[in-house]
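Remarks on the structure that follows.
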Amino acid sequence: MKRWLDQIDSPEDLKSIPIENLKELAEEIREKIITVVSKNGGHLAPNLGAVELTLALHYVFDSPKDKIIWDVGHQCYTHKLLTGRKDRFGSLRKHEGISGFPKKCESEHDVFDVGHASTSISTALGVACARNHKEENFFVVAVVGDGALTGGLSFEGLNNSGALGKNLIVILNDNKMSISKNVGAMSKYLTDLLTDEKYNKLKAEVWELVGRFKRRDKIRAAVAKVEESVKGFLVPGILFEKLGFRYFGPLDGHDIAGLIKTLEHLKTLNRPILLHILTKKGKGYKFAEEDAPRFHGIGAFDKVTGNSNGQIGKTTYTDIFGSTIVKLAQNDEKIVALTAAMTLGTGLVDFARIFPERFYDVGIAEQHGTTFGSGLASQGLKPIFAVYSTFLQRAFDQVIHDVALQNLPLILAIDRAGLVGEDGPTHHGTFDLSYLRQIPNWVVMAPKDGNELKNMLYTAVRWQNGPVAIRYPRGPIPDDPTCGDPVEPTHDFTSIEMGSWERSRKGKDLAILAVGSMVYPALEAAEQLKKDGIDVEVVNARFVKPLDEAMLLSVLKGYDKIITVEENALLGGFGSAILEFAEAHGIKNVLIKRMGIPDKFIEHGSRKKLLSVLALDRDGIIQMVRNILELKHSKIASATLR
């Protein structure tokens, strides 16, 4: 049987396939995506819903001359298959394989590196303006979807684009996460009419003719009002018209022939255009269609049954957060929960079901979510904003201006802190310790396990003297290094003294100050080193701010060799805080070696693999201990305080 996908190595090859055969190609692509994602994990449902759209885009436009810019970027799998990466698609999201997001270094067809939402319209406008400045001639298309239009940056881009009036096409891929649907025969007929070349030519001629009359302004206003009224009644696009865009749609986003015809017409209109299409997330795969949230971003799974593989049944930090916040809220009516379009991802599904009146999903709007939470806190409520570390970066100003400056007791539950694995550099949360600890009034905690996370949440909701951030990694809670069993949380809550550390293991040769996810690897390293006669003390530095000054001073005075280890950027991180403290207190002749994320963006790969590559695991810590014990201070004076 002839397979169309085998014949495609570039978008030019696609154009040679008859339109009537593109449906067959779409099914081949879906099968390819399902097969690879079932093995590697990835964003399945969004990509299955964008197959026909991507085929139509590459059929009509000439990439890489024409620029197709993806929002979020997790809808780009079909794009990658069509642009020369078909043979490498099996390496998707694997270490040293192709990324799950657009990357300029991978292909000239990837215009912009992206992994966060709401960026495409602003980027596309910048590209379009640069095109005009350079007097070049190509089309610019921004593809917005999966709720990215709920982000404020999208509306900033729309507002500026409409005002500038540049030739730009924005495609809103509405898969029930954006604007409400309005599809039917009349809507389709109206869109066909408004995009028709003859209609637009006639409209221009009428416009020019009316301009010859004395009362031309009033007549033109009346004509425009008639068209606006009809479109406002039939379609939900009047908002975009007011922002300066010509709005078309909504159209069936799985009708390849219809999409191709419409896009060909839109190419003739030299102005900002917004095309609204309706698609189904997970289309073509039963399990993804029925449970799109779970298959939005998923690990490896059995494609026959749809069941997840891997760490089935293992309790994660996210699970602990979700169950704990429900228990706390049952006894405290002031607790409210917030999320930015990540109810499932942050573990708030049960909270939203049990306490719907105390749950807020603000959409992809982390800035708004932070300030909204500040407003709640200002009125005596106890808001907990569950947010991924990488997305919290977008609310940096609000964290300072709207929270810390007013010392409001907003609690940030920072999920996916540190290395997240296969999603790569756009999603690693490796900077939160560095930027949060520099801001006055913030308390910054990092639990070593699920039990400590539970108690930190309990402590934070009771404290209420200012803002608190609790950061924890992606993945299961760790196993006890002494017995190998998971460290399951206890049923009772225990309050933790603010700013207090704990000695997890006593020693005499060297001290390791470990933060959060690095405590158990440090303990594992210490247990292994003990067999070789090396006695290492391990301190659980669970508060990055404030530091436990009393314990830190005792460690600095008790050891001449210290290692700090954190799953965060070395620049400005926990290790930097220790160096600053030692310098401020005149501590000399202590060798302090820092372990953490170097000054570069870390590529994708499994979390275990990346931690190994960066030596942030048991073996890496063991090697660092051996190195530091063997070296004399004079050989690494740059790391020694004198």
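Labels for the structure tokens follow display order: chains A, B, ..., residues from 1 in each chain, ligands from 1.
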Enumerate, in order of chain and increasing residue number, the residues of region 417-495 of chain A with an atom no farther than 10 Å from region 573-579 of chain A, each with its shortest atom pair and distance in Å to one decimal, counting only C-alpha atoms, as CSV.
residue,atom,partner,partner_atom,distance
A:Thr430,CA,A:Gly573,CA,9.5
A:Phe431,CA,A:Gly573,CA,7.9
A:Asp432,CA,A:Gly573,CA,8.6
A:Leu433,CA,A:Gly573,CA,5.7
A:Ser434,CA,A:Gly573,CA,4.5
A:Tyr435,CA,A:Gly573,CA,8.2
A:Leu436,CA,A:Gly573,CA,9.4
A:Arg437,CA,A:Gly573,CA,7.9
A:Gln438,CA,A:Gly573,CA,9.5
Take the selection from the previous step and output its residues with N, CA and C atoms, as a JSON list (two decimals), in the first residue's frame.
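This is the output file again.json:
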[["chain", "number", "residue", "atom", "x", "y", "z"],
["A", 430, "THR", "N", 14.90, 26.25, 36.92],
["A", 430, "THR", "CA", 16.21, 26.30, 37.57],
["A", 430, "THR", "C", 16.62, 27.68, 38.07],
["A", 431, "PHE", "N", 15.68, 28.62, 38.13],
["A", 431, "PHE", "CA", 16.06, 29.99, 38.52],
["A", 431, "PHE", "C", 15.29, 30.52, 39.72],
["A", 432, "ASP", "N", 14.29, 29.80, 40.22],
["A", 432, "ASP", "CA", 13.42, 30.39, 41.25],
["A", 432, "ASP", "C", 14.14, 30.70, 42.55],
["A", 433, "LEU", "N", 15.07, 29.83, 42.98],
["A", 433, "LEU", "CA", 15.80, 30.13, 44.21],
["A", 433, "LEU", "C", 16.61, 31.41, 44.06],
["A", 434, "SER", "N", 17.20, 31.58, 42.88],
["A", 434, "SER", "CA", 18.06, 32.75, 42.65],
["A", 434, "SER", "C", 17.27, 34.06, 42.69],
["A", 435, "TYR", "N", 16.11, 34.07, 42.01],
["A", 435, "TYR", "CA", 15.41, 35.36, 41.96],
["A", 435, "TYR", "C", 14.49, 35.61, 43.15],
["A", 436, "LEU", "N", 14.04, 34.55, 43.82],
["A", 436, "LEU", "CA", 13.19, 34.78, 44.99],
["A", 436, "LEU", "C", 13.99, 35.20, 46.21],
["A", 437, "ARG", "N", 15.18, 34.65, 46.38],
["A", 437, "ARG", "CA", 15.92, 34.96, 47.60],
["A", 437, "ARG", "C", 16.47, 36.38, 47.63],
["A", 438, "GLN", "N", 16.47, 37.05, 46.49],
["A", 438, "GLN", "CA", 16.96, 38.44, 46.46],
["A", 438, "GLN", "C", 15.87, 39.44, 46.84]]
For this session: Please provide the set of residues having any atom within 9 Å of Asp252 (chain A), restricted to only C-alpha atoms, with same-chain residues fewer than 3 positions apart removed, written as number ranges by chain.
Result: A: 183, 188, 249, 255-256, 258-259, 277-279
For this session: Extract, using only C-alpha atoms, all DNA, RNA and protein residues at most 12 Å from Phe287 (chain A), discarding same-chain residues fewer than 3 positions from it, and format them as a list in words.
Result: Ile34, Leu44, Ala45, Leu48, Lys281, Gly282, Lys283, Gly284, Glu290, Asp291, Ala292, Pro293, Arg294, Phe295, His296, Phe301, Asp302, Lys303, Val304, Thr305, Gly306, Asn307 and Ser308 of chain A
Dump as a PDB file, in the first residue's frame, selection limited to C-alpha atoms:
ATOM      1  CA  ILE A  34       0.683   8.154  18.490  1.00  0.00           C
ATOM      2  CA  LEU A  44      -0.316  14.037  22.256  1.00  0.00           C
ATOM      3  CA  ALA A  45      -3.808  15.573  22.269  1.00  0.00           C
ATOM      4  CA  LEU A  48      -3.523  15.213  17.016  1.00  0.00           C
ATOM      5  CA  LYS A 281      -7.979  17.847  20.848  1.00  0.00           C
ATOM      6  CA  GLY A 282      -6.889  14.247  20.529  1.00  0.00           C
ATOM      7  CA  LYS A 283      -8.681  13.758  17.205  1.00  0.00           C
ATOM      8  CA  GLY A 284      -8.258  10.305  15.756  1.00  0.00           C
ATOM      9  CA  GLU A 290     -12.253  11.264  25.670  1.00  0.00           C
ATOM     10  CA  ASP A 291      -9.623  12.519  28.131  1.00  0.00           C
ATOM     11  CA  ALA A 292      -7.782  15.388  26.438  1.00  0.00           C
ATOM     12  CA  PRO A 293      -6.414  16.875  29.706  1.00  0.00           C
ATOM     13  CA  ARG A 294      -4.575  13.642  30.610  1.00  0.00           C
ATOM     14  CA  PHE A 295      -3.238  13.238  27.086  1.00  0.00           C
ATOM     15  CA  HIS A 296      -2.270  16.894  26.760  1.00  0.00           C
ATOM     16  CA  PHE A 301       1.682   4.730  27.550  1.00  0.00           C
ATOM     17  CA  ASP A 302       0.189   1.612  25.977  1.00  0.00           C
ATOM     18  CA  LYS A 303      -1.345   2.855  22.733  1.00  0.00           C
ATOM     19  CA  VAL A 304      -3.737  -0.111  22.593  1.00  0.00           C
ATOM     20  CA  THR A 305      -5.270   0.471  26.032  1.00  0.00           C
ATOM     21  CA  GLY A 306      -4.317   4.090  26.665  1.00  0.00           C
ATOM     22  CA  ASN A 307      -2.957   3.154  30.095  1.00  0.00           C
ATOM     23  CA  SER A 308       0.163   4.923  31.337  1.00  0.00           C
TER      24      SER A 308
END
For this session: Output as an MDAnalysis selection string all residues of region 18-168 of chain A that backbone DSSP marks as strand (DSSP E).
Result: chainID A and resid 67:70 140:145 168
Exercise. Which polymer residues have any atom within 9 Å of an atom of Val111 (chain A), counting only C-alpha atoms, with same-chain residues fewer than 4 positions away left out, as a PyMOL selection string?
Worked result: chain A and resi 64+67-70+102-104+107
For this session: Name the closest residue to Asn160 (chain A) among the candidates A:Phe240, A:Leu523, A:Phe391, A:Asn173; distances are taken between atoms, counting only C-alpha atoms.
Result: A:Phe240
For this session: Quick one: everything within 7 Å of region 406-414 of chain A, counting only C-alpha atoms, minus sequence neighbours fewer than 2 positions away in the same chain. Send it as a PyMOL selection string.
Result: chain A and resi 373-374+377-378+382-389+402-404+416-417+441+464-472
Generate a file of the selected residues that holds N, CA and C atoms, formatted as a CSV table (one decimal), in the first residue's frame.
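Contents of the output file part.csv:
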chain,number,residue,atom,x,y,z
A,373,GLY,N,-4.1,36.8,43.6
A,373,GLY,CA,-3.9,36.2,44.9
A,373,GLY,C,-3.5,37.2,45.9
A,374,SER,N,-2.8,38.2,45.5
A,374,SER,CA,-2.4,39.3,46.5
A,374,SER,C,-3.7,40.0,46.9
A,377,ALA,N,-5.3,37.9,49.5
A,377,ALA,CA,-4.6,37.9,50.8
A,377,ALA,C,-4.8,39.2,51.5
A,378,SER,N,-5.0,40.3,50.8
A,378,SER,CA,-5.1,41.6,51.4
A,378,SER,C,-6.4,41.7,52.2
A,382,LYS,N,-6.5,33.1,52.7
A,382,LYS,CA,-5.2,32.4,52.6
A,382,LYS,C,-5.0,31.8,51.3
A,383,PRO,N,-4.7,32.5,50.2
A,383,PRO,CA,-4.6,32.0,48.9
A,383,PRO,C,-3.3,31.2,48.7
A,384,ILE,N,-3.4,30.1,48.0
A,384,ILE,CA,-2.3,29.2,47.7
A,384,ILE,C,-2.3,29.1,46.1
A,385,PHE,N,-1.3,29.7,45.5
A,385,PHE,CA,-1.1,29.7,44.1
A,385,PHE,C,-0.2,28.6,43.6
A,386,ALA,N,-0.8,27.6,43.0
A,386,ALA,CA,0.0,26.4,42.5
A,386,ALA,C,0.4,26.7,41.1
A,387,VAL,N,1.8,26.8,40.9
A,387,VAL,CA,2.3,27.2,39.6
A,387,VAL,C,3.6,26.5,39.3
A,388,TYR,N,3.8,26.2,38.0
A,388,TYR,CA,5.1,25.6,37.6
A,388,TYR,C,6.2,26.7,37.7
A,389,SER,N,7.3,26.2,38.1
A,389,SER,CA,8.5,27.2,38.3
A,389,SER,C,8.8,28.0,37.0
A,402,ASP,N,3.5,43.5,43.9
A,402,ASP,CA,2.2,43.2,44.4
A,402,ASP,C,2.2,42.3,45.6
A,403,VAL,N,3.3,41.6,45.8
A,403,VAL,CA,3.3,40.7,47.0
A,403,VAL,C,4.3,41.1,48.0
A,404,ALA,N,5.6,41.1,47.7
A,404,ALA,CA,6.6,41.4,48.7
A,404,ALA,C,6.6,42.8,49.2
A,416,ARG,N,7.4,21.5,39.7
A,416,ARG,CA,8.3,21.4,38.6
A,416,ARG,C,9.6,22.3,38.8
A,417,ALA,N,10.0,22.4,40.1
A,417,ALA,CA,11.2,23.2,40.3
A,417,ALA,C,12.4,22.3,40.0
A,441,ASN,N,11.3,40.1,52.2
A,441,ASN,CA,10.0,39.6,52.9
A,441,ASN,C,9.7,38.2,52.5
A,464,GLN,N,1.3,33.1,58.2
A,464,GLN,CA,0.6,34.3,57.7
A,464,GLN,C,1.2,35.6,58.1
A,465,ASN,N,2.5,35.6,58.2
A,465,ASN,CA,3.2,36.9,58.5
A,465,ASN,C,3.9,37.5,57.3
A,466,GLY,N,3.7,36.9,56.1
A,466,GLY,CA,4.3,37.4,54.9
A,466,GLY,C,4.2,36.3,53.8
A,467,PRO,N,4.8,36.6,52.6
A,467,PRO,CA,4.7,35.6,51.5
A,467,PRO,C,5.6,34.5,51.7
A,468,VAL,N,5.2,33.3,51.3
A,468,VAL,CA,6.0,32.1,51.4
A,468,VAL,C,6.0,31.3,50.1
A,469,ALA,N,7.2,30.9,49.7
A,469,ALA,CA,7.3,30.1,48.5
A,469,ALA,C,7.8,28.7,48.9
A,470,ILE,N,7.2,27.6,48.4
A,470,ILE,CA,7.6,26.3,48.6
A,470,ILE,C,7.9,25.6,47.3
A,471,ARG,N,9.1,25.3,47.0
A,471,ARG,CA,9.4,24.7,45.7
A,471,ARG,C,9.8,23.3,45.8
A,472,TYR,N,9.3,22.5,44.9
A,472,TYR,CA,9.5,21.0,44.9
A,472,TYR,C,9.5,20.5,43.5
For this session: One decimal, Å: what's the distance from CA of Gly244 (chain A) over to CA of Leu164 (chain A), could you say?
Result: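 Separating CA of Gly244 (chain A) from CA of Leu164 (chain A) is a distance of 8.7 Å.
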Problem set entry | Between CA of Leu419 (chain A) and CA of Thr346 (chain A) - distance in Å to one decimal |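 Here the two named atoms are 16.2 Å from each other.
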Exercise. Quick one: of A:Asp423, A:Phe89, A:Gly347, A:Thr318, who's nearest to Val72 (chain A), counting only C-alpha atoms?
Worked result: A:Asp423
Problem set entry | Counting only C-alpha atoms, the option among A:Ile354, A:Leu529, A:Ala365, A:Leu269 closest to Ile622 (chain A) |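 When distances to Ile622 (chain A) are compared using only C-alpha atoms, the smallest one comes from A:Leu529.
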Exercise. Out of region 41-134 of chain A, which residues get alpha helix (DSSP H) from DSSP, as number ranges by chain?
Worked result: A: 44-49, 51-60, 77-82, 120-133
Limited to N, CA and C atoms, could you put the picked residues into a file as a short mmCIF file (atom, residue, chain, number, x, y, z; two decimals), in the first residue's frame?
data_model
loop_
_atom_site.label_atom_id
_atom_site.label_comp_id
_atom_site.auth_asym_id
_atom_site.auth_seq_id
_atom_site.Cartn_x
_atom_site.Cartn_y
_atom_site.Cartn_z
N LEU A 44 0.41 14.82 23.25
CA LEU A 44 -0.32 14.04 22.26
C LEU A 44 -1.58 14.73 21.76
N ALA A 45 -2.51 15.03 22.67
CA ALA A 45 -3.81 15.57 22.27
C ALA A 45 -3.70 16.86 21.44
N PRO A 46 -2.87 17.84 21.83
CA PRO A 46 -2.77 19.06 21.02
C PRO A 46 -2.29 18.79 19.60
N ASN A 47 -1.34 17.87 19.44
CA ASN A 47 -0.79 17.59 18.12
C ASN A 47 -1.78 16.85 17.23
N LEU A 48 -2.53 15.93 17.82
CA LEU A 48 -3.52 15.21 17.02
C LEU A 48 -4.60 16.16 16.50
N GLY A 49 -4.87 17.21 17.24
CA GLY A 49 -5.89 18.17 16.81
C GLY A 49 -5.42 19.15 15.77
N VAL A 51 -3.28 18.44 13.07
CA VAL A 51 -2.70 17.79 11.88
C VAL A 51 -3.17 18.46 10.59
N GLU A 52 -4.49 18.59 10.41
CA GLU A 52 -5.02 19.17 9.16
C GLU A 52 -4.59 20.62 9.00
N LEU A 53 -4.62 21.36 10.08
CA LEU A 53 -4.19 22.77 10.01
C LEU A 53 -2.76 22.86 9.52
N THR A 54 -1.87 22.04 10.08
CA THR A 54 -0.46 22.08 9.69
C THR A 54 -0.28 21.69 8.23
N LEU A 55 -1.00 20.69 7.79
CA LEU A 55 -0.93 20.29 6.38
C LEU A 55 -1.38 21.44 5.48
N ALA A 56 -2.47 22.10 5.84
CA ALA A 56 -2.97 23.22 5.03
C ALA A 56 -1.98 24.36 5.00
N LEU A 57 -1.36 24.67 6.14
CA LEU A 57 -0.38 25.76 6.19
C LEU A 57 0.80 25.50 5.26
N HIS A 58 1.33 24.29 5.32
CA HIS A 58 2.49 23.99 4.48
C HIS A 58 2.09 23.77 3.01
N TYR A 59 0.84 23.48 2.77
CA TYR A 59 0.37 23.34 1.40
C TYR A 59 0.22 24.69 0.72
N VAL A 60 -0.16 25.70 1.50
CA VAL A 60 -0.44 27.04 0.94
C VAL A 60 0.78 27.95 0.99
N TYR A 77 4.40 18.84 16.13
CA TYR A 77 4.91 17.53 15.72
C TYR A 77 4.69 17.27 14.23
N THR A 78 3.50 17.60 13.72
CA THR A 78 3.26 17.43 12.28
C THR A 78 4.20 18.31 11.48
N HIS A 79 4.40 19.52 11.96
CA HIS A 79 5.34 20.46 11.32
C HIS A 79 6.73 19.84 11.23
N LYS A 80 7.15 19.16 12.28
CA LYS A 80 8.49 18.55 12.26
C LYS A 80 8.55 17.39 11.27
N LEU A 81 7.47 16.62 11.20
CA LEU A 81 7.45 15.51 10.25
C LEU A 81 7.51 15.99 8.80
N LEU A 82 6.97 17.16 8.53
CA LEU A 82 6.92 17.67 7.16
C LEU A 82 8.17 18.46 6.78
N SER A 120 3.31 34.16 20.31
CA SER A 120 3.42 34.10 18.84
C SER A 120 3.01 35.39 18.14
N ILE A 121 1.97 36.07 18.63
CA ILE A 121 1.49 37.26 17.93
C ILE A 121 2.51 38.38 18.01
N SER A 122 3.08 38.59 19.17
CA SER A 122 4.11 39.62 19.32
C SER A 122 5.33 39.29 18.47
N THR A 123 5.72 38.02 18.49
CA THR A 123 6.86 37.59 17.66
C THR A 123 6.57 37.82 16.18
N ALA A 124 5.38 37.39 15.75
CA ALA A 124 5.02 37.52 14.34
C ALA A 124 4.99 38.99 13.91
N LEU A 125 4.49 39.86 14.77
CA LEU A 125 4.48 41.28 14.43
C LEU A 125 5.90 41.80 14.26
N GLY A 126 6.80 41.38 15.16
CA GLY A 126 8.19 41.79 15.03
C GLY A 126 8.81 41.32 13.73
N VAL A 127 8.51 40.07 13.34
CA VAL A 127 9.02 39.53 12.08
C VAL A 127 8.43 40.29 10.90
N ALA A 128 7.14 40.60 10.96
CA ALA A 128 6.48 41.32 9.86
C ALA A 128 7.04 42.73 9.71
N CYS A 129 7.27 43.40 10.82
CA CYS A 129 7.83 44.76 10.75
C CYS A 129 9.26 44.72 10.21
N ALA A 130 10.04 43.71 10.63
CA ALA A 130 11.40 43.57 10.11
C ALA A 130 11.39 43.32 8.61
N ARG A 131 10.43 42.51 8.17
CA ARG A 131 10.25 42.25 6.74
C ARG A 131 10.04 43.55 5.98
N ASN A 132 9.17 44.39 6.50
CA ASN A 132 8.87 45.65 5.82
C ASN A 132 10.06 46.60 5.85
N HIS A 133 10.76 46.65 6.97
CA HIS A 133 11.95 47.51 7.06
C HIS A 133 13.00 47.10 6.02
#
Exercise. Which of these, A:Tyr559, A:Phe351, A:Tyr317, A:Tyr285, has the shortest distance to Ile512 (chain A) once you count only C-alpha atoms?
Worked result: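 Looking only at the distances to Ile512 (chain A), the closest residue turns out to be A:Tyr559.
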For this session: For CA of Val444 (chain A) and CA of Pro546 (chain A), determine how far apart the two atoms are, in Å to one decimal place.
Result: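 Distance between the two atoms: 7.3 Å.
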For this session: Write out as a PyMOL selection string which residues come within 12 Å of Leu275 (chain A) when counting only C-alpha atoms, dropping same-chain ones fewer than 6 positions away.
Result: chain A and resi 53+141-145+168-174+191-192+194-195+235-237+240-241+245-253+259+262-263+265-267
